[in-house]
Every structure is written in structure tokens, then in C-alpha cells.
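Have a look at the structure below, then the notes.
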Amino acid sequence: MSTVRESVEVGVPLHTAYNQWTQFTEFPRFMEGVDQVTQVDDRHNHWATSIAGVHREFDTEIVDQLPDERIAWRTTSGDVQQQGLVTFEPVDERHTRVNLALVFEPSGMAEKAADMTGTLDRRVKGDLRRFKDFIERRGEAEGAWRGRISPG
């Protein structure tokens with residue numbers, strides 16, 4: 001298993017950053033290699049990705065979601081094995097630190113090579129930078145889901 005941890009400070013209030021992140025279907029607008037995210041229900045999403053010419057589809061389940069604080073997920077089926085956590089910390093009234101941690105099992109030669117060379121770390125860092133640009137340009141979230149999903 002491999003782990004990637006990255007953070008970014010965004011120039012919007014905490015609730016704005018969190019609310020936008022809950023709009024999973026909008027991830028392709030700032031996440032490189034994410035073709036589509038389909039929200040099945042409050043807990044489940046179906047992902048289609050294309051990275052380094054490899055198309056993968058998988059399903060995720062949100063296992064913990066606390067508004068304005070964190071969202072944790074894990075894969076439940078498909079070509080990808082991962083779990084992740086995104087947390088939101090207020091820096092001040094108009095700035096938020098977004099922290100992302102992914103634990104994943106690289107599969108196939110291309111993914112293993114990308115993991116060994118730091119390509120996946122750079123991709124996550126780039127995704128967070130694009131999220132920053134996206135939400136700062138908008139200045140407000142496109143929507144919000146503020147429900148609580150408790151672990152277990």
C-alpha cells in the first residue's frame with residue numbers, strides 16, 4: 001500500500017470549501033484523469049477514470065462525513081483499491097486548509113511506476129491546486145450536502 005498526503009490553503013471560508021467538495025459530480029472539473037463521478041446515493045459514488053491511457057471504473061462508499069470537518073471514503077468494488085480522508089481546517093474567516101490523504105494499492109506496471117517516481121503525489125497536489133483555482137474563481141459553492149454519515 002502507498003500513501004499520498006497533500007494540503008492546500010484556499011481563499012474561501014471553511015463552509016464554502018467543504019460545500020463545494022461535497023459536489024462529487026463536479027470533480028472532473030478539477031481532478032485530472034477523472035472522467036465522471038456518478039452519485040448513486042448519499043453514501044455511494046461510481047467513478048470512471050483514465051490515467052496514463054488506462055481506463056478504470058470503481059465504486060466508493062463514504063464511511064464518515066461530518067460537515068465542515070471531514071469526509072472519509074473507501075472503495076467497495078472495481079479496479080481500484082483505496083481509502084481516503086479529506087479534512088477542512090479554518091485558517092481564518094476567509095481561508096481554509098484542505099488536507100487530503102489517500103492510501104491505495106497500485107495495480108499494473110504503469111501505476112506502480114507512477115507511484116515509485118512520485119507522479120501520483122504530483123497529480124494529487126495538482127488536483128488540490130486546481131480545486132483552489134476553481135473555488136476561488138467562483139467564490140461560492142455550486143451546492144452543498146451537509147448530512148452526517150457516521151462510521152460503522
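Going through the C-alpha cells in order, the chains are called A, B, and so on, while each chain numbers its residues from 1 and the ligands are numbered from 1 in the order shown.
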
| field | helix (DSSP H, G or I) per DSSP on the backbone: members of chain A, as number ranges by chain | value | A: 14-21, 24-29, 108-116, 119-138

Could you please take those selected residues and save N, CA and C atoms as a compact mmCIF listing (two decimals), in the first residue's frame?
# COMPACT_ATOMS: atom_id res chain seq x y z
N LEU A 14 -14.43 28.26 5.32
CA LEU A 14 -14.47 26.81 5.50
C LEU A 14 -15.74 26.19 4.92
N HIS A 15 -16.90 26.75 5.22
CA HIS A 15 -18.15 26.14 4.74
C HIS A 15 -18.23 26.15 3.22
N THR A 16 -17.65 27.13 2.57
CA THR A 16 -17.65 27.19 1.11
C THR A 16 -16.79 26.08 0.53
N ALA A 17 -15.59 25.91 1.06
CA ALA A 17 -14.70 24.84 0.59
C ALA A 17 -15.34 23.48 0.81
N TYR A 18 -15.86 23.26 2.01
CA TYR A 18 -16.49 21.97 2.32
C TYR A 18 -17.69 21.73 1.41
N ASN A 19 -18.57 22.72 1.28
CA ASN A 19 -19.77 22.54 0.46
C ASN A 19 -19.43 22.17 -0.97
N GLN A 20 -18.40 22.83 -1.55
CA GLN A 20 -18.03 22.50 -2.93
C GLN A 20 -17.49 21.09 -3.01
N TRP A 21 -16.70 20.68 -2.03
CA TRP A 21 -16.12 19.33 -2.07
C TRP A 21 -17.22 18.26 -2.06
N PHE A 24 -19.57 15.90 -5.61
CA PHE A 24 -18.68 14.90 -6.20
C PHE A 24 -18.77 14.84 -7.72
N THR A 25 -19.94 15.09 -8.28
CA THR A 25 -20.09 15.02 -9.74
C THR A 25 -19.31 16.12 -10.45
N GLU A 26 -18.86 17.13 -9.70
CA GLU A 26 -18.07 18.22 -10.29
C GLU A 26 -16.56 17.94 -10.25
N PHE A 27 -16.13 16.83 -9.64
CA PHE A 27 -14.71 16.52 -9.54
C PHE A 27 -13.98 16.53 -10.89
N PRO A 28 -14.59 16.07 -11.99
CA PRO A 28 -13.86 16.11 -13.26
C PRO A 28 -13.44 17.51 -13.69
N ARG A 29 -14.05 18.53 -13.13
CA ARG A 29 -13.70 19.91 -13.50
C ARG A 29 -12.34 20.33 -12.94
N GLY A 108 -0.84 -2.85 -11.71
CA GLY A 108 -0.30 -2.70 -13.05
C GLY A 108 1.02 -1.97 -13.05
N MET A 109 1.78 -2.19 -14.10
CA MET A 109 3.13 -1.61 -14.21
C MET A 109 3.11 -0.09 -14.23
N ALA A 110 2.16 0.51 -14.96
CA ALA A 110 2.12 1.97 -15.09
C ALA A 110 1.86 2.62 -13.73
N GLU A 111 0.90 2.10 -12.98
CA GLU A 111 0.59 2.68 -11.67
C GLU A 111 1.74 2.49 -10.69
N LYS A 112 2.36 1.32 -10.73
CA LYS A 112 3.49 1.07 -9.82
C LYS A 112 4.66 2.01 -10.15
N ALA A 113 4.91 2.22 -11.43
CA ALA A 113 5.98 3.14 -11.83
C ALA A 113 5.63 4.57 -11.44
N ALA A 114 4.37 4.96 -11.64
CA ALA A 114 3.94 6.31 -11.27
C ALA A 114 4.06 6.53 -9.77
N ASP A 115 3.77 5.51 -8.99
CA ASP A 115 3.89 5.60 -7.55
C ASP A 115 5.37 5.75 -7.15
N MET A 116 6.23 4.95 -7.75
CA MET A 116 7.65 4.97 -7.41
C MET A 116 8.33 6.27 -7.80
N THR A 119 4.83 10.45 -9.32
CA THR A 119 3.85 11.02 -10.24
C THR A 119 2.49 11.15 -9.58
N LEU A 120 2.10 10.15 -8.79
CA LEU A 120 0.79 10.21 -8.14
C LEU A 120 0.73 11.33 -7.10
N ASP A 121 1.83 11.54 -6.37
CA ASP A 121 1.88 12.66 -5.41
C ASP A 121 1.69 13.99 -6.15
N ARG A 122 2.37 14.14 -7.27
CA ARG A 122 2.25 15.38 -8.04
C ARG A 122 0.84 15.55 -8.61
N ARG A 123 0.22 14.46 -8.99
CA ARG A 123 -1.14 14.53 -9.52
C ARG A 123 -2.11 15.02 -8.44
N VAL A 124 -2.00 14.47 -7.23
CA VAL A 124 -2.87 14.90 -6.13
C VAL A 124 -2.61 16.36 -5.80
N LYS A 125 -1.35 16.74 -5.76
CA LYS A 125 -1.00 18.15 -5.50
C LYS A 125 -1.62 19.05 -6.57
N GLY A 126 -1.55 18.63 -7.83
CA GLY A 126 -2.14 19.38 -8.92
C GLY A 126 -3.66 19.46 -8.80
N ASP A 127 -4.29 18.36 -8.40
CA ASP A 127 -5.75 18.36 -8.22
C ASP A 127 -6.15 19.37 -7.15
N LEU A 128 -5.42 19.41 -6.05
CA LEU A 128 -5.73 20.37 -4.99
C LEU A 128 -5.50 21.80 -5.45
N ARG A 129 -4.46 22.02 -6.23
CA ARG A 129 -4.20 23.35 -6.77
C ARG A 129 -5.34 23.78 -7.71
N ARG A 130 -5.82 22.83 -8.53
CA ARG A 130 -6.93 23.14 -9.44
C ARG A 130 -8.23 23.37 -8.64
N PHE A 131 -8.42 22.63 -7.54
CA PHE A 131 -9.58 22.88 -6.68
C PHE A 131 -9.51 24.30 -6.13
N LYS A 132 -8.34 24.70 -5.68
CA LYS A 132 -8.12 26.05 -5.16
C LYS A 132 -8.52 27.08 -6.22
N ASP A 133 -7.99 26.94 -7.42
CA ASP A 133 -8.32 27.88 -8.50
C ASP A 133 -9.82 27.88 -8.80
N PHE A 134 -10.40 26.69 -8.85
CA PHE A 134 -11.82 26.54 -9.17
C PHE A 134 -12.69 27.25 -8.15
N ILE A 135 -12.50 26.99 -6.87
CA ILE A 135 -13.38 27.55 -5.84
C ILE A 135 -13.09 29.03 -5.62
N GLU A 136 -11.84 29.46 -5.75
CA GLU A 136 -11.54 30.88 -5.59
C GLU A 136 -12.12 31.71 -6.73
N ARG A 137 -12.09 31.18 -7.96
CA ARG A 137 -12.70 31.89 -9.09
C ARG A 137 -14.20 32.04 -8.89
N ARG A 138 -14.84 30.97 -8.42
CA ARG A 138 -16.29 31.00 -8.20
C ARG A 138 -16.65 31.85 -6.98

| All strand (DSSP E) residues (DSSP, backbone) inside segment 22-152 of chain A, as a PyMOL selection string | chain A and resi 34-39+44-51+54-66+70-78+82-92+95-104

Given the selection you just returned, output its residues as a file containing C-alpha atoms, formatted as a PDB file, in the first residue's frame.
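Heads up, here's the output in selection21.pdb:
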ATOM      1  CA  VAL A  34     -11.361  11.759 -13.527  1.00  0.00           C
ATOM      2  CA  ASP A  35     -13.783  11.336 -16.424  1.00  0.00           C
ATOM      3  CA  GLN A  36     -17.014  11.067 -14.466  1.00  0.00           C
ATOM      4  CA  VAL A  37     -18.355  10.659 -10.944  1.00  0.00           C
ATOM      5  CA  THR A  38     -21.939   9.489 -10.595  1.00  0.00           C
ATOM      6  CA  GLN A  39     -23.513   9.944  -7.201  1.00  0.00           C
ATOM      7  CA  HIS A  44     -22.089   5.810  -2.743  1.00  0.00           C
ATOM      8  CA  ASN A  45     -20.381   7.085  -5.905  1.00  0.00           C
ATOM      9  CA  HIS A  46     -19.340   5.410  -9.139  1.00  0.00           C
ATOM     10  CA  TRP A  47     -16.086   6.656 -10.673  1.00  0.00           C
ATOM     11  CA  ALA A  48     -14.695   6.433 -14.209  1.00  0.00           C
ATOM     12  CA  THR A  49     -11.048   7.460 -14.631  1.00  0.00           C
ATOM     13  CA  SER A  50      -8.464   7.490 -17.395  1.00  0.00           C
ATOM     14  CA  ILE A  51      -4.898   7.779 -16.194  1.00  0.00           C
ATOM     15  CA  VAL A  54      -5.643   3.124 -18.530  1.00  0.00           C
ATOM     16  CA  HIS A  55      -9.426   3.325 -18.037  1.00  0.00           C
ATOM     17  CA  ARG A  56     -10.723   2.193 -14.657  1.00  0.00           C
ATOM     18  CA  GLU A  57     -14.124   2.121 -13.021  1.00  0.00           C
ATOM     19  CA  PHE A  58     -14.820   1.638  -9.346  1.00  0.00           C
ATOM     20  CA  ASP A  59     -17.327   2.324  -6.610  1.00  0.00           C
ATOM     21  CA  THR A  60     -16.742   4.185  -3.363  1.00  0.00           C
ATOM     22  CA  GLU A  61     -18.586   4.400  -0.080  1.00  0.00           C
ATOM     23  CA  ILE A  62     -18.431   7.368   2.264  1.00  0.00           C
ATOM     24  CA  VAL A  63     -17.769   5.885   5.692  1.00  0.00           C
ATOM     25  CA  ASP A  64     -17.584   9.105   7.729  1.00  0.00           C
ATOM     26  CA  GLN A  65     -18.799  12.583   6.886  1.00  0.00           C
ATOM     27  CA  LEU A  66     -19.011  15.422   9.387  1.00  0.00           C
ATOM     28  CA  ARG A  70     -14.108  15.686   7.209  1.00  0.00           C
ATOM     29  CA  ILE A  71     -15.147  13.179   4.567  1.00  0.00           C
ATOM     30  CA  ALA A  72     -13.686   9.647   4.599  1.00  0.00           C
ATOM     31  CA  TRP A  73     -14.279   7.003   1.926  1.00  0.00           C
ATOM     32  CA  ARG A  74     -13.165   3.604   0.695  1.00  0.00           C
ATOM     33  CA  THR A  75     -13.574   1.645  -2.486  1.00  0.00           C
ATOM     34  CA  THR A  76     -16.125  -1.140  -2.422  1.00  0.00           C
ATOM     35  CA  SER A  77     -15.708  -2.655  -5.887  1.00  0.00           C
ATOM     36  CA  GLY A  78     -13.933  -2.230  -9.181  1.00  0.00           C
ATOM     37  CA  GLN A  82      -8.095   2.900  -1.989  1.00  0.00           C
ATOM     38  CA  GLN A  83      -9.291   4.716   1.062  1.00  0.00           C
ATOM     39  CA  GLY A  84      -9.085   8.406   1.699  1.00  0.00           C
ATOM     40  CA  LEU A  85      -9.760  11.264   4.021  1.00  0.00           C
ATOM     41  CA  VAL A  86     -10.206  14.960   3.287  1.00  0.00           C
ATOM     42  CA  THR A  87     -10.289  17.378   6.210  1.00  0.00           C
ATOM     43  CA  PHE A  88     -11.071  21.080   6.360  1.00  0.00           C
ATOM     44  CA  GLU A  89      -9.450  23.452   8.859  1.00  0.00           C
ATOM     45  CA  PRO A  90     -10.227  27.158   9.221  1.00  0.00           C
ATOM     46  CA  VAL A  91      -7.133  29.344   8.823  1.00  0.00           C
ATOM     47  CA  ASP A  92      -9.174  32.497   9.423  1.00  0.00           C
ATOM     48  CA  HIS A  95      -9.226  30.972   4.326  1.00  0.00           C
ATOM     49  CA  THR A  96      -9.366  27.198   4.715  1.00  0.00           C
ATOM     50  CA  ARG A  97      -6.723  24.478   4.719  1.00  0.00           C
ATOM     51  CA  VAL A  98      -7.829  21.398   2.776  1.00  0.00           C
ATOM     52  CA  ASN A  99      -5.859  18.254   3.709  1.00  0.00           C
ATOM     53  CA  LEU A 100      -6.111  15.129   1.572  1.00  0.00           C
ATOM     54  CA  ALA A 101      -4.729  11.693   2.427  1.00  0.00           C
ATOM     55  CA  LEU A 102      -5.041   8.676   0.127  1.00  0.00           C
ATOM     56  CA  VAL A 103      -3.986   5.115   0.836  1.00  0.00           C
ATOM     57  CA  PHE A 104      -4.032   2.949  -2.280  1.00  0.00           C
TER      58      PHE A 104
END

| query | Between A:Met1, A:Thr22, A:Glu6, A:Val80, which has the minimum distance to Gly143 of chain A (counting only C-alpha atoms)? | reply | A:Thr22

| task | Rank nothing, just name the residue among A:Arg94, A:Asp42, A:Asp79, A:Glu105 nearest to Gly139 of chain A, using only C-alpha atoms. | result |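 Of A:Arg94, A:Asp42, A:Asp79, A:Glu105, the one nearest Gly139 of chain A is A:Arg94, counting only C-alpha atoms.
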
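In this structure, atom CA of Arg5 of chain A sits 15.6 Å away from atom CA of Met31 of chain A.
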
| Point-to-point distance in Å for atom CA of Thr117 of chain A and atom CA of Glu32 of chain A |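 So the answer is 17.6 Å.
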
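In this structure, atom CA of Val4 of chain A sits 15.6 Å away from atom CA of Ser107 of chain A.
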